[in-house]
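Contents: one structure, followed by commentary.
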Amino acid sequence: MKINAENAGAKRPTTGDGDRAEAMDTSDQDMTLQRINGDQHVDTKMEEDGSDDDDSRAEATFRFTISKFSQMRESTLSPPCMVRNLPWKILAMPRPSNSDPSVKCLGFFLQCNAESDSTTWTCSASAELRLLHRLDPEKHYVKKIHHVFFHKENDWGFAHFKTMKEIVEASNGFCDPVKDSITLEVWVNADAPHGVQWDSKRHTGYVGLKNQGATCYMNSLLQTLFFTNKLRKAVYKMPTDCDDMTKSVPLALQRVFYELQNSEKPVGTKKLTKSFGWETLDTFMQHDVQELCRVLLDNIESKMKGTVVEGTIPTLFEGKMISYVKCKHVNYVSSRTEPFYDVQLNVKDKKNIYESFKDYVSVETLDGDNKYDAGDYGLQEAEKGVKFVSFPPVLHLHLMRFQYDPISDCNVKINDRFEFPEHLELDDFLEQKESTPAHYTLHAVLVHSGDNHGGHYVVFINPRVDGKVSGGQDGDHCVQWCKFDDDVVSRCTKKDAIDNNFGGDSDDVASRTCTNAYMLVYIRDSDKDDVLQAVEAADIPESLVARLMDEKRLEAIRKRERQEAHLYMTLNVVSEEEFYRHQHFDLCNIEKAEVKQFQVKKNTFLRDFPETVCRAFKCSSGQARLWLFHIRSNNTIRVKHVDSAMLDKTLRDIAEASDQNIFFLAEMPCGTATALQQYDPDSDVLVLFKYYDPKGRCLTYVGHVFAKLKEPLSHLFPEMRRRAGLPADAELLVHEEVCPGSVNVLADHDKALEAALDSPDDGDILVFQLPPSPRVLHLPTAADYFNDLTQRTEVTFIDRNSNSDHGVTLELSEKTTYSQVAAAVAECLGTQPEMLQFFRPKSYHTTFRESPDQPLKSTFDGTLKDLFLYFHKTRTPKKMFYQRLKIPIKELESKAVFKCVYVDASYKEEKELVVYPNQNGSVADLCTEVKSQLELRDGARLRLLEISNHRITTVFRDDSELRNISSNFSTTRSYRVEELPEDQIEIGPNETLLPVAHFHREPYSCFGIPFLLKIKNGEPFSEVKVRIQKMLDVPEKEYEKWKFAVVFHTRAEYIDNESLSVNLEQLRSPVIGVHLQTRPWLGLDHVNKSTKSRPKAFTEKAIKIHN
């Protein structure tokens, strides 16, 4: 690795450093290290300043004296000094100069936790590396570093700190000429480490919050709200006994606050973010802490309404201000009183918080072209501003460090130095003094490190706001400030919390320019005791504590189960009830059956398992017999007898011998019987009965029997008739269900069962029925029924207009027609078949979610098999799309489908519409259809426009034929229907409609909603500007920045002289029904502030709490 001696923060080289010195045990502060290498001797000494024995301290100064310095040939280490519970050492070594290898330099490094085997720890620290002058402290040679130490970079410093020649030169005063020794000193200030054992509770009395990925901003805010004790108390009192634990924000917040108050370890927030309705991805996207503060407090305030704590949020955080406009020369004042929950202060070009407050209440003069419209008084010169009426007990100040930069077209962070005091006096900014002084003490500083594209949040909090440690003394080192950095909490000084977070450039290496305060929380001195009132255990409702304790107990059980999961296996048990619901081949669909799952230890003998089954099915001991599901050679699923040899095996042995999940059938006494039927595996066979009803075309399981293999088949008929409720003398037609596609008719009823059945074995299925009637034409026999089953397929029908719809799955015959499909889906959806339209999937061969293709005609005369002719045979279930209609499908197919956008009169709101005019209709017919979907004023007239790249390209005539207009949307072209303004109904000979569009810098890059403006020949452009401002309702201050240009093709001629008048000859009046791309248009040049089109950093995504 290349080392540059001139660059601070160079990492120590990984080669050539020799062996490490070892510390000798000694009780004296002067510890001697000795290293022998041949005839080389290195004597070293180390001193540690300060008497603080607390290994968790934030900073320390320690020294290391190296004897026989001029003879040093290898690296040497000092004994450790403990800071933040980590060992810190001085590492010194001789190093050749980069420019001249013959010149030797001193390599001086600070080493941290080098002997640890952990690879997850980190520790951020600032340090001064000092070469001490023997006589004059002012001449110490000092260099500074700041580094995040971790296992791969556990030392940091300077490979070429100073040349050996300069150090040993007697006149320089660094080396003792008698002892040939130098003294190195390090002052280190370290943050609490991450990834190592750091007991925040023991060191500070508080615990942190776990980071889910990018939730540091939320953790900082939650800690701030937690230490607003009155709010914490109110949150505890919110009634949540009946709330859903997964969706209740108040309950989740109660849980976080309770655990922060009582836990010994960092607290998780996954249940809180889940209650917000957030997905996992949301926790990996960093949001704005100020925005979250507003959204969360609004949510809590709404949930507090109607409870005993209603009004807590405004009581704590709400202040009031007056916005006013006062005319200078007439007696007219417009004002309104508004509440505020936070104050946003400008940081740019402001030195401190007082300058920002002065800027906030500064008076703006409205004069010249910016005069105020005072109603009957007309345009008047006026003063505009705000005045504070009252400040709240808890004052949130949001520092506007992120501002939009029109040059880069994105938000940028302002890292300028901005000072804020510990004690803040705001009386001068009040309209009238309040009953108590508006004096505040700083309670919390939320700090952001990074830029607009991401970063990290921490918060510094003074929980007591009294400037003292409990039982401590006054002074900077005793101030009870704590730094909350996600899961790590540590003590810190007032300088760390306040001064180091002003931002801007600083000589202090710890003050990095990208790290600065972003949000401040001040507590009003007069309300301090109320806001920070003690929160005791008695303040937490017993019902809430009990609920949270139950959650903890269940979580502990689930955790223990997860830890012991390797000792258990899952056994699946099916009862005969599943057979009664099955209408297909085999006994049941194992994959879809309702099974009881048992977690059983792997070393359990199968013989002991039936007792567990008895308890689960609530039957007496010994009344459950197990049959093992298995797959026969013909791929059918049957059950087989569990013999004594298997009963004596452990579940582990059975699982290892099987390559599939283990399913058992639990046989229990039938009907009113109190005991299991006798079964002899040598002479008996388990036979299961199904009854087929040709009239209802349904198959019903009717139980099982143990039949003798030697007895004829006819001996089973009485039991069959009894099970199906048939007459005692009813004639029966019997089939054996062998496998799908193979159902054998058993015609000889006098044959012995072992000869009649195909391959007699336990689990054989006999299907019986009455002889088919000539009146039953469709599926008269069980064989026909099973044959029909082979031609059935599962089809999932998905709503094409819903991305989240999972669809409904139906089993249909491949012979089903369009009308039958529509009827089946309509019945499932609760609608009429004619009110549905169906679509094939666009892609048949991808595994991704398909998209709908062209609509399927209702006159389609094929079958379902024809629809899916090109599907892979293995794709199950197949998919189709549907959409609900407002008109019958037959009527729809006689109409055109036309997509357009309706824009209201303010040109701010858009609404997408799908209308169905006649295929041979005109634009007038289209507008009539649009009117039927909207609530418009009587007599309103509509027109159709074509929009391309945010410009109006065509104004269609009412008699234009729709078949000549493509209704397909694209990314650059769309159609817009709008209400015709009254002033544009009649166009005079000296008037025209001028297209107007928004752009920024380049006319070919338009955005926003374009519109048509009626102008008159000779009309001053100054009046045109006024009309546009009134139409678009743009604030005066913003409108001043807009520029106007007449655009020919892509060439813009800016209108700098407002006295110019409209020249229709120059503008070439457009004609209705003619394309306008080549016509001139009026361009409004201004910054695009639309959130839809302006690129946003991921931190700008709007925060939503969905519950």
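Numbering starts fresh at 1 for the residues of each chain in the structure tokens, the chains themselves are lettered A, B, ... in the order given, and ligands are numbered from 1 as they appear.
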
- Message: With only C-alpha atoms as the counted atoms, please give the residues lying no more than 10 Å from Val148 (chain A), apart from itself and same-chain residues fewer than 2 positions off, as a list in words.
- Response: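 What passes the distance filter is Thr122, Cys123, Ser124, Ala125, Ser126, His146, Phe150, Glu153, Asn154, Asp155, Trp156, Ala190, Asp191 and Pro193 of chain A.
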
Preceding selection exported with C-alpha atoms as a tab-separated table (two decimals), in the first residue's frame:
```tsv
chain	number	residue	atom	x	y	z
A	122	THR	CA	-16.66	-0.20	14.46
A	123	CYS	CA	-15.61	2.82	16.45
A	124	SER	CA	-15.44	6.41	15.24
A	125	ALA	CA	-12.77	8.53	16.92
A	126	SER	CA	-10.85	11.78	16.66
A	146	HIS	CA	-10.43	11.31	12.38
A	150	PHE	CA	-12.83	-1.47	12.21
A	153	GLU	CA	-8.40	-0.72	9.48
A	154	ASN	CA	-7.69	-1.01	13.17
A	155	ASP	CA	-4.84	1.52	13.15
A	156	TRP	CA	-4.64	4.96	11.59
A	190	ALA	CA	-14.11	8.14	20.70
A	191	ASP	CA	-17.79	7.52	20.12
A	193	PRO	CA	-18.52	1.47	19.53
```

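Excluding Phe881 (chain A) itself and same-chain residues fewer than 2 positions from it, the residues having an atom within 7 Å of it are Phe797, Ile798, Asp799, Arg800, Phe838, Phe839, Arg840, Pro841, Pro852 and Lys879 of chain A, counting only C-alpha atoms.
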
Using only C-alpha atoms, please write the residues we just selected to a file, as a compact mmCIF listing (two decimals), in the first residue's frame.
```txt
# COMPACT_ATOMS: atom_id res chain seq x y z
CA PHE A 797 -59.38 -15.20 -13.46
CA ILE A 798 -57.60 -11.93 -12.56
CA ASP A 799 -59.00 -8.41 -12.50
CA ARG A 800 -57.01 -6.58 -15.18
CA PHE A 838 -62.49 -11.39 -20.81
CA PHE A 839 -58.90 -11.18 -22.07
CA ARG A 840 -56.31 -13.82 -22.90
CA PRO A 841 -52.84 -13.37 -21.34
CA PRO A 852 -53.88 -8.92 -20.74
CA LYS A 879 -54.79 -17.54 -16.34
```

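The spacing separating CA of Ser67 (chain A) from CA of Leu184 (chain A) amounts to 11.3 Å.
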
- Query: Using only C-alpha atoms, which residues sit within 10 Å of region 422-433 of chain A once same-chain residues fewer than 2 positions away are excluded, as a count of residues only?
  - Reply: 35

- Message: I need the alpha helix (DSSP H) residues of region 352-542 of chain A per DSSP on the backbone, written as a list of chain:residue names.
- Response: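 Here is the list: A:Ile353, A:Tyr354, A:Glu355, A:Ser356, A:Phe357, A:Lys358, A:Asp359, A:Tyr360, A:Lys494, A:Lys495, A:Asp496, A:Ala497, A:Lys528, A:Asp529, A:Asp530, A:Val531, A:Glu542.
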
How would the residues just chosen look if you wrote them out with N, CA and C atoms as a compact mmCIF listing (two decimals), in the first residue's frame?
```txt
# COMPACT_ATOMS: atom_id res chain seq x y z
N ILE A 353 -29.57 31.33 15.21
CA ILE A 353 -31.01 31.11 15.29
C ILE A 353 -31.78 32.43 15.41
N TYR A 354 -31.15 33.43 16.04
CA TYR A 354 -31.84 34.71 16.18
C TYR A 354 -31.98 35.42 14.83
N GLU A 355 -30.95 35.32 14.00
CA GLU A 355 -31.06 35.91 12.67
C GLU A 355 -32.15 35.22 11.86
N SER A 356 -32.30 33.92 12.03
CA SER A 356 -33.34 33.20 11.31
C SER A 356 -34.72 33.61 11.77
N PHE A 357 -34.90 33.82 13.08
CA PHE A 357 -36.19 34.27 13.58
C PHE A 357 -36.49 35.68 13.06
N LYS A 358 -35.48 36.54 13.01
CA LYS A 358 -35.70 37.89 12.47
C LYS A 358 -36.11 37.81 11.01
N ASP A 359 -35.48 36.90 10.26
CA ASP A 359 -35.86 36.73 8.87
C ASP A 359 -37.28 36.19 8.75
N TYR A 360 -37.68 35.34 9.70
CA TYR A 360 -39.01 34.73 9.65
C TYR A 360 -40.11 35.78 9.83
N LYS A 494 -21.54 18.79 26.56
CA LYS A 494 -22.35 19.82 25.91
C LYS A 494 -21.71 20.25 24.60
N LYS A 495 -20.40 20.26 24.56
CA LYS A 495 -19.71 20.64 23.32
C LYS A 495 -20.02 19.64 22.21
N ASP A 496 -20.00 18.34 22.58
CA ASP A 496 -20.34 17.32 21.59
C ASP A 496 -21.75 17.51 21.05
N ALA A 497 -22.67 17.85 21.94
CA ALA A 497 -24.07 17.94 21.57
C ALA A 497 -24.40 19.23 20.83
N LYS A 528 -41.23 23.40 32.13
CA LYS A 528 -40.28 22.28 32.19
C LYS A 528 -40.74 21.19 33.14
N ASP A 529 -41.19 21.55 34.32
CA ASP A 529 -41.60 20.54 35.30
C ASP A 529 -42.81 19.75 34.82
N ASP A 530 -43.69 20.41 34.07
CA ASP A 530 -44.87 19.73 33.57
C ASP A 530 -44.53 18.82 32.40
N VAL A 531 -43.75 19.33 31.46
CA VAL A 531 -43.41 18.54 30.27
C VAL A 531 -42.54 17.35 30.63
N GLU A 542 -52.33 -1.16 34.04
CA GLU A 542 -52.03 -2.57 34.31
C GLU A 542 -52.42 -3.47 33.15
```

- Near region 626-632 of chain A, within 7 Å and counting only C-alpha atoms, which residues show up once chain neighbours fewer than 4 positions away are dropped, as number ranges by chain? A: 636-642, 663-667

Would you output that residue set with N, CA, C and O atoms, as a compact mmCIF listing (two decimals), in the first residue's frame?
```txt
# COMPACT_ATOMS: atom_id res chain seq x y z
N THR A 636 -51.17 -43.16 -7.78
CA THR A 636 -52.35 -42.84 -6.98
C THR A 636 -51.95 -42.78 -5.51
O THR A 636 -50.96 -43.40 -5.09
N ILE A 637 -52.72 -42.03 -4.73
CA ILE A 637 -52.45 -41.90 -3.30
C ILE A 637 -53.43 -42.76 -2.53
O ILE A 637 -54.65 -42.57 -2.65
N ARG A 638 -52.94 -43.67 -1.77
CA ARG A 638 -53.75 -44.56 -0.95
C ARG A 638 -53.17 -44.62 0.45
O ARG A 638 -52.15 -43.98 0.74
N VAL A 639 -53.81 -45.39 1.29
CA VAL A 639 -53.30 -45.58 2.66
C VAL A 639 -52.90 -47.04 2.83
O VAL A 639 -53.45 -47.92 2.16
N LYS A 640 -51.95 -47.26 3.72
CA LYS A 640 -51.53 -48.64 3.99
C LYS A 640 -51.39 -48.84 5.49
O LYS A 640 -51.22 -47.88 6.26
N HIS A 641 -51.43 -50.10 5.87
CA HIS A 641 -51.39 -50.48 7.28
C HIS A 641 -50.03 -50.16 7.89
O HIS A 641 -48.98 -50.35 7.27
N VAL A 642 -50.05 -49.63 9.11
CA VAL A 642 -48.82 -49.40 9.89
C VAL A 642 -48.59 -50.63 10.74
O VAL A 642 -49.30 -50.88 11.72
N PHE A 663 -47.62 -38.16 5.96
CA PHE A 663 -49.02 -37.91 6.23
C PHE A 663 -49.65 -39.20 6.77
O PHE A 663 -49.40 -40.30 6.24
N PHE A 664 -50.47 -39.05 7.81
CA PHE A 664 -51.19 -40.19 8.37
C PHE A 664 -52.69 -39.94 8.27
O PHE A 664 -53.15 -38.80 8.34
N LEU A 665 -53.43 -41.04 8.08
CA LEU A 665 -54.88 -41.00 8.24
C LEU A 665 -55.20 -41.47 9.64
O LEU A 665 -54.74 -42.53 10.07
N ALA A 666 -55.98 -40.67 10.36
CA ALA A 666 -56.39 -41.06 11.71
C ALA A 666 -57.76 -41.72 11.61
O ALA A 666 -58.77 -41.05 11.35
N GLU A 667 -57.79 -43.03 11.80
CA GLU A 667 -59.06 -43.76 11.79
C GLU A 667 -59.63 -43.76 13.20
O GLU A 667 -58.94 -44.10 14.16
```

Polymer residues at most 10 Å from Val343 (chain A), only C-alpha atoms, same-chain spacing of 4 or more positions, as a PDB file with N, CA and C atoms, in the first residue's frame:
```
ATOM      1  N   GLY A 319     -48.337  26.313  18.818  1.00  0.00           N
ATOM      2  CA  GLY A 319     -48.249  27.739  19.031  1.00  0.00           C
ATOM      3  C   GLY A 319     -49.187  28.441  18.065  1.00  0.00           C
ATOM      4  N   PHE A 357     -34.897  33.817  13.078  1.00  0.00           N
ATOM      5  CA  PHE A 357     -36.190  34.273  13.576  1.00  0.00           C
ATOM      6  C   PHE A 357     -36.494  35.683  13.064  1.00  0.00           C
ATOM      7  N   TYR A 360     -37.683  35.341   9.696  1.00  0.00           N
ATOM      8  CA  TYR A 360     -39.014  34.726   9.649  1.00  0.00           C
ATOM      9  C   TYR A 360     -40.109  35.776   9.832  1.00  0.00           C
ATOM     10  N   LEU A 395     -41.027  23.360  21.738  1.00  0.00           N
ATOM     11  CA  LEU A 395     -40.837  24.076  20.481  1.00  0.00           C
ATOM     12  C   LEU A 395     -39.937  23.260  19.557  1.00  0.00           C
ATOM     13  N   HIS A 396     -40.498  22.848  18.423  1.00  0.00           N
ATOM     14  CA  HIS A 396     -39.727  22.127  17.407  1.00  0.00           C
ATOM     15  C   HIS A 396     -39.257  23.118  16.356  1.00  0.00           C
ATOM     16  N   LEU A 397     -37.969  23.212  16.175  1.00  0.00           N
ATOM     17  CA  LEU A 397     -37.386  24.090  15.171  1.00  0.00           C
ATOM     18  C   LEU A 397     -36.739  23.227  14.100  1.00  0.00           C
ATOM     19  N   HIS A 398     -37.223  23.361  12.889  1.00  0.00           N
ATOM     20  CA  HIS A 398     -36.688  22.587  11.770  1.00  0.00           C
ATOM     21  C   HIS A 398     -35.777  23.488  10.955  1.00  0.00           C
ATOM     22  N   LEU A 399     -34.529  23.129  10.901  1.00  0.00           N
ATOM     23  CA  LEU A 399     -33.546  23.918  10.172  1.00  0.00           C
ATOM     24  C   LEU A 399     -33.573  23.491   8.707  1.00  0.00           C
ATOM     25  N   MET A 400     -33.806  24.431   7.838  1.00  0.00           N
ATOM     26  CA  MET A 400     -34.003  24.139   6.408  1.00  0.00           C
ATOM     27  C   MET A 400     -32.647  23.955   5.724  1.00  0.00           C
TER      28      MET A 400
END
```

- Leaving out region 936-943 of chain A and any residue of its chain fewer than 4 positions from it, which residues lie within 12 Å of it when counting only C-alpha atoms, given as an NGL selection string? :A and (900-905 or 922-932 or 954-960 or 975-982 or 984-985 or 1012 or 1072-1073)

Output for the residues just chosen: N, CA, C and O atoms as a CSV table (one decimal), in the first residue's frame:
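Ended up saving to result.csv:
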```
chain,number,residue,atom,x,y,z
A,900,CYS,N,-59.1,9.0,-22.3
A,900,CYS,CA,-58.8,10.5,-22.3
A,900,CYS,C,-58.6,11.0,-20.9
A,900,CYS,O,-58.9,10.2,-20.0
A,901,VAL,N,-58.2,12.2,-20.8
A,901,VAL,CA,-58.0,12.9,-19.5
A,901,VAL,C,-58.9,14.1,-19.5
A,901,VAL,O,-58.9,14.9,-20.4
A,902,TYR,N,-59.6,14.2,-18.3
A,902,TYR,CA,-60.4,15.4,-18.1
A,902,TYR,C,-59.6,16.4,-17.2
A,902,TYR,O,-59.1,16.0,-16.2
A,903,VAL,N,-59.6,17.6,-17.6
A,903,VAL,CA,-58.9,18.7,-16.9
A,903,VAL,C,-59.9,19.7,-16.4
A,903,VAL,O,-60.7,20.2,-17.2
A,904,ASP,N,-59.8,20.1,-15.1
A,904,ASP,CA,-60.8,21.1,-14.6
A,904,ASP,C,-60.4,22.5,-15.0
A,904,ASP,O,-59.4,22.7,-15.7
A,905,ALA,N,-61.2,23.4,-14.7
A,905,ALA,CA,-61.1,24.8,-15.1
A,905,ALA,C,-59.8,25.5,-14.6
A,905,ALA,O,-59.3,26.4,-15.1
A,922,SER,N,-68.8,10.9,-33.6
A,922,SER,CA,-68.0,12.0,-33.8
A,922,SER,C,-67.4,12.5,-32.5
A,922,SER,O,-67.7,11.9,-31.4
A,923,VAL,N,-66.6,13.5,-32.5
A,923,VAL,CA,-66.1,14.1,-31.3
A,923,VAL,C,-67.2,14.6,-30.4
A,923,VAL,O,-67.1,14.5,-29.1
A,924,ALA,N,-68.3,15.1,-31.0
A,924,ALA,CA,-69.4,15.6,-30.2
A,924,ALA,C,-70.0,14.4,-29.4
A,924,ALA,O,-70.4,14.6,-28.3
A,925,ASP,N,-70.1,13.2,-30.0
A,925,ASP,CA,-70.6,12.0,-29.3
A,925,ASP,C,-69.7,11.7,-28.2
A,925,ASP,O,-70.2,11.3,-27.1
A,926,LEU,N,-68.4,11.8,-28.4
A,926,LEU,CA,-67.4,11.5,-27.3
A,926,LEU,C,-67.7,12.4,-26.2
A,926,LEU,O,-67.7,12.0,-25.0
A,927,CYS,N,-67.8,13.7,-26.4
A,927,CYS,CA,-68.0,14.7,-25.4
A,927,CYS,C,-69.3,14.4,-24.6
A,927,CYS,O,-69.4,14.6,-23.4
A,928,THR,N,-70.3,13.9,-25.3
A,928,THR,CA,-71.6,13.6,-24.6
A,928,THR,C,-71.4,12.4,-23.6
A,928,THR,O,-71.9,12.5,-22.5
A,929,GLU,N,-70.6,11.4,-24.0
A,929,GLU,CA,-70.3,10.3,-23.2
A,929,GLU,C,-69.5,10.8,-21.9
A,929,GLU,O,-69.7,10.3,-20.8
A,930,VAL,N,-68.6,11.7,-22.1
A,930,VAL,CA,-67.8,12.3,-21.0
A,930,VAL,C,-68.7,13.0,-20.0
A,930,VAL,O,-68.6,12.9,-18.8
A,931,LYS,N,-69.6,13.8,-20.5
A,931,LYS,CA,-70.6,14.5,-19.7
A,931,LYS,C,-71.3,13.5,-18.8
A,931,LYS,O,-71.6,13.8,-17.6
A,932,SER,N,-71.7,12.3,-19.3
A,932,SER,CA,-72.4,11.4,-18.5
A,932,SER,C,-71.7,10.8,-17.3
A,932,SER,O,-72.3,10.3,-16.4
A,954,THR,N,-53.3,19.6,-31.4
A,954,THR,CA,-54.5,19.6,-32.2
A,954,THR,C,-55.7,20.0,-31.4
A,954,THR,O,-55.9,19.5,-30.2
A,955,VAL,N,-56.6,20.8,-31.9
A,955,VAL,CA,-57.9,21.1,-31.3
A,955,VAL,C,-58.9,20.5,-32.3
A,955,VAL,O,-59.1,21.0,-33.5
A,956,PHE,N,-59.6,19.5,-31.9
A,956,PHE,CA,-60.5,18.8,-32.9
A,956,PHE,C,-61.9,19.5,-33.0
A,956,PHE,O,-62.4,20.0,-32.0
A,957,ARG,N,-62.4,19.4,-34.2
A,957,ARG,CA,-63.7,19.9,-34.5
A,957,ARG,C,-64.7,18.9,-33.9
A,957,ARG,O,-64.5,17.7,-33.8
A,958,ASP,N,-65.9,19.5,-33.6
A,958,ASP,CA,-67.0,18.6,-33.0
A,958,ASP,C,-67.4,17.5,-34.0
A,958,ASP,O,-67.8,16.4,-33.6
A,959,ASP,N,-67.3,17.8,-35.3
A,959,ASP,CA,-67.8,16.8,-36.3
A,959,ASP,C,-66.6,15.9,-36.8
A,959,ASP,O,-66.8,15.1,-37.7
A,960,SER,N,-65.5,15.9,-36.2
A,960,SER,CA,-64.4,15.0,-36.5
A,960,SER,C,-64.8,13.6,-36.2
A,960,SER,O,-65.4,13.3,-35.1
A,975,TYR,N,-55.0,12.3,-25.1
A,975,TYR,CA,-56.1,13.2,-25.5
A,975,TYR,C,-56.8,13.8,-24.2
A,975,TYR,O,-56.9,13.1,-23.2
A,976,ARG,N,-57.2,15.0,-24.4
A,976,ARG,CA,-57.7,15.7,-23.2
A,976,ARG,C,-59.1,16.3,-23.6
A,976,ARG,O,-59.2,16.9,-24.6
A,977,VAL,N,-60.0,16.1,-22.6
A,977,VAL,CA,-61.3,16.7,-22.7
A,977,VAL,C,-61.4,17.8,-21.7
A,977,VAL,O,-61.0,17.5,-20.5
A,978,GLU,N,-61.8,19.0,-22.0
A,978,GLU,CA,-61.9,20.1,-21.1
A,978,GLU,C,-63.1,20.9,-21.4
A,978,GLU,O,-63.7,20.9,-22.5
A,979,GLU,N,-63.6,21.6,-20.3
A,979,GLU,CA,-64.7,22.5,-20.5
A,979,GLU,C,-64.3,23.7,-21.2
A,979,GLU,O,-63.3,24.3,-20.9
A,980,LEU,N,-65.1,24.1,-22.2
A,980,LEU,CA,-64.8,25.3,-23.0
A,980,LEU,C,-65.1,26.5,-22.2
A,980,LEU,O,-66.2,26.8,-21.7
A,981,PRO,N,-64.0,27.4,-21.9
A,981,PRO,CA,-64.3,28.6,-21.1
A,981,PRO,C,-65.3,29.5,-21.8
A,981,PRO,O,-65.3,29.6,-23.0
A,982,GLU,N,-66.0,30.2,-21.0
A,982,GLU,CA,-67.0,31.1,-21.6
A,982,GLU,C,-66.5,32.1,-22.5
A,982,GLU,O,-67.1,32.5,-23.5
A,984,GLN,N,-64.1,31.8,-24.5
A,984,GLN,CA,-63.6,31.2,-25.7
A,984,GLN,C,-64.7,30.7,-26.6
A,984,GLN,O,-64.4,30.1,-27.6
A,985,ILE,N,-65.9,30.8,-26.2
A,985,ILE,CA,-67.0,30.3,-27.0
A,985,ILE,C,-67.1,31.1,-28.3
A,985,ILE,O,-67.3,30.5,-29.4
A,1012,LEU,N,-55.1,26.7,-23.7
A,1012,LEU,CA,-55.4,27.7,-24.7
A,1012,LEU,C,-55.8,29.0,-24.1
A,1012,LEU,O,-56.6,29.0,-23.1
A,1072,ILE,N,-59.1,25.8,-35.9
A,1072,ILE,CA,-59.6,24.6,-35.2
A,1072,ILE,C,-59.6,23.4,-36.2
A,1072,ILE,O,-60.0,23.5,-37.3
A,1073,GLY,N,-59.0,22.3,-35.7
A,1073,GLY,CA,-59.0,21.1,-36.5
A,1073,GLY,C,-57.7,20.9,-37.3
A,1073,GLY,O,-57.5,19.9,-38.0
```

- Query: Which residue, A:Leu892, A:Ala616, A:Cys828, A:Ile540, has the smallest gap to Phe257 (chain A) when you use only C-alpha atoms?
  - Reply: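 Nearest to Phe257 (chain A): A:Ile540.
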
- Write out as an MDAnalysis selection string each polymer residue whose atoms come within 7 Å of Phe898 (chain A), counting only C-alpha atoms; drop sequence neighbours fewer than 2 positions from it. chainID A and resid 896 900 914:916 967

Restricting the output to N, CA and C atoms, write the selected residues as a PDB file, in the first residue's frame.
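Now in selection-v8.pdb:
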```pdb
ATOM      1  N   ALA A 896     -66.728   2.146 -29.511  1.00  0.00           N
ATOM      2  CA  ALA A 896     -65.276   2.328 -29.463  1.00  0.00           C
ATOM      3  C   ALA A 896     -64.852   2.551 -28.019  1.00  0.00           C
ATOM      4  N   CYS A 900     -59.105   9.043 -22.318  1.00  0.00           N
ATOM      5  CA  CYS A 900     -58.790  10.472 -22.346  1.00  0.00           C
ATOM      6  C   CYS A 900     -58.615  10.965 -20.921  1.00  0.00           C
ATOM      7  N   VAL A 914     -62.307   6.490 -19.192  1.00  0.00           N
ATOM      8  CA  VAL A 914     -62.486   5.544 -20.297  1.00  0.00           C
ATOM      9  C   VAL A 914     -63.951   5.643 -20.701  1.00  0.00           C
ATOM     10  N   VAL A 915     -64.210   6.060 -21.919  1.00  0.00           N
ATOM     11  CA  VAL A 915     -65.580   6.254 -22.396  1.00  0.00           C
ATOM     12  C   VAL A 915     -65.817   5.353 -23.596  1.00  0.00           C
ATOM     13  N   TYR A 916     -67.097   5.141 -23.897  1.00  0.00           N
ATOM     14  CA  TYR A 916     -67.480   4.197 -24.939  1.00  0.00           C
ATOM     15  C   TYR A 916     -68.441   4.850 -25.937  1.00  0.00           C
ATOM     16  N   SER A 967     -57.106   6.058 -30.334  1.00  0.00           N
ATOM     17  CA  SER A 967     -57.399   6.224 -28.902  1.00  0.00           C
ATOM     18  C   SER A 967     -56.304   5.673 -28.011  1.00  0.00           C
TER      19      SER A 967
END
```

- Please measure the separation of CA of Gln1029 (chain A) and CA of Ser906 (chain A), giving the value in Å to one decimal. 11.2 Å

- Query: Do you have the CA of Met72 (chain A)-CA of Tyr141 (chain A) distance handy?
  - Reply: 19.8 Å
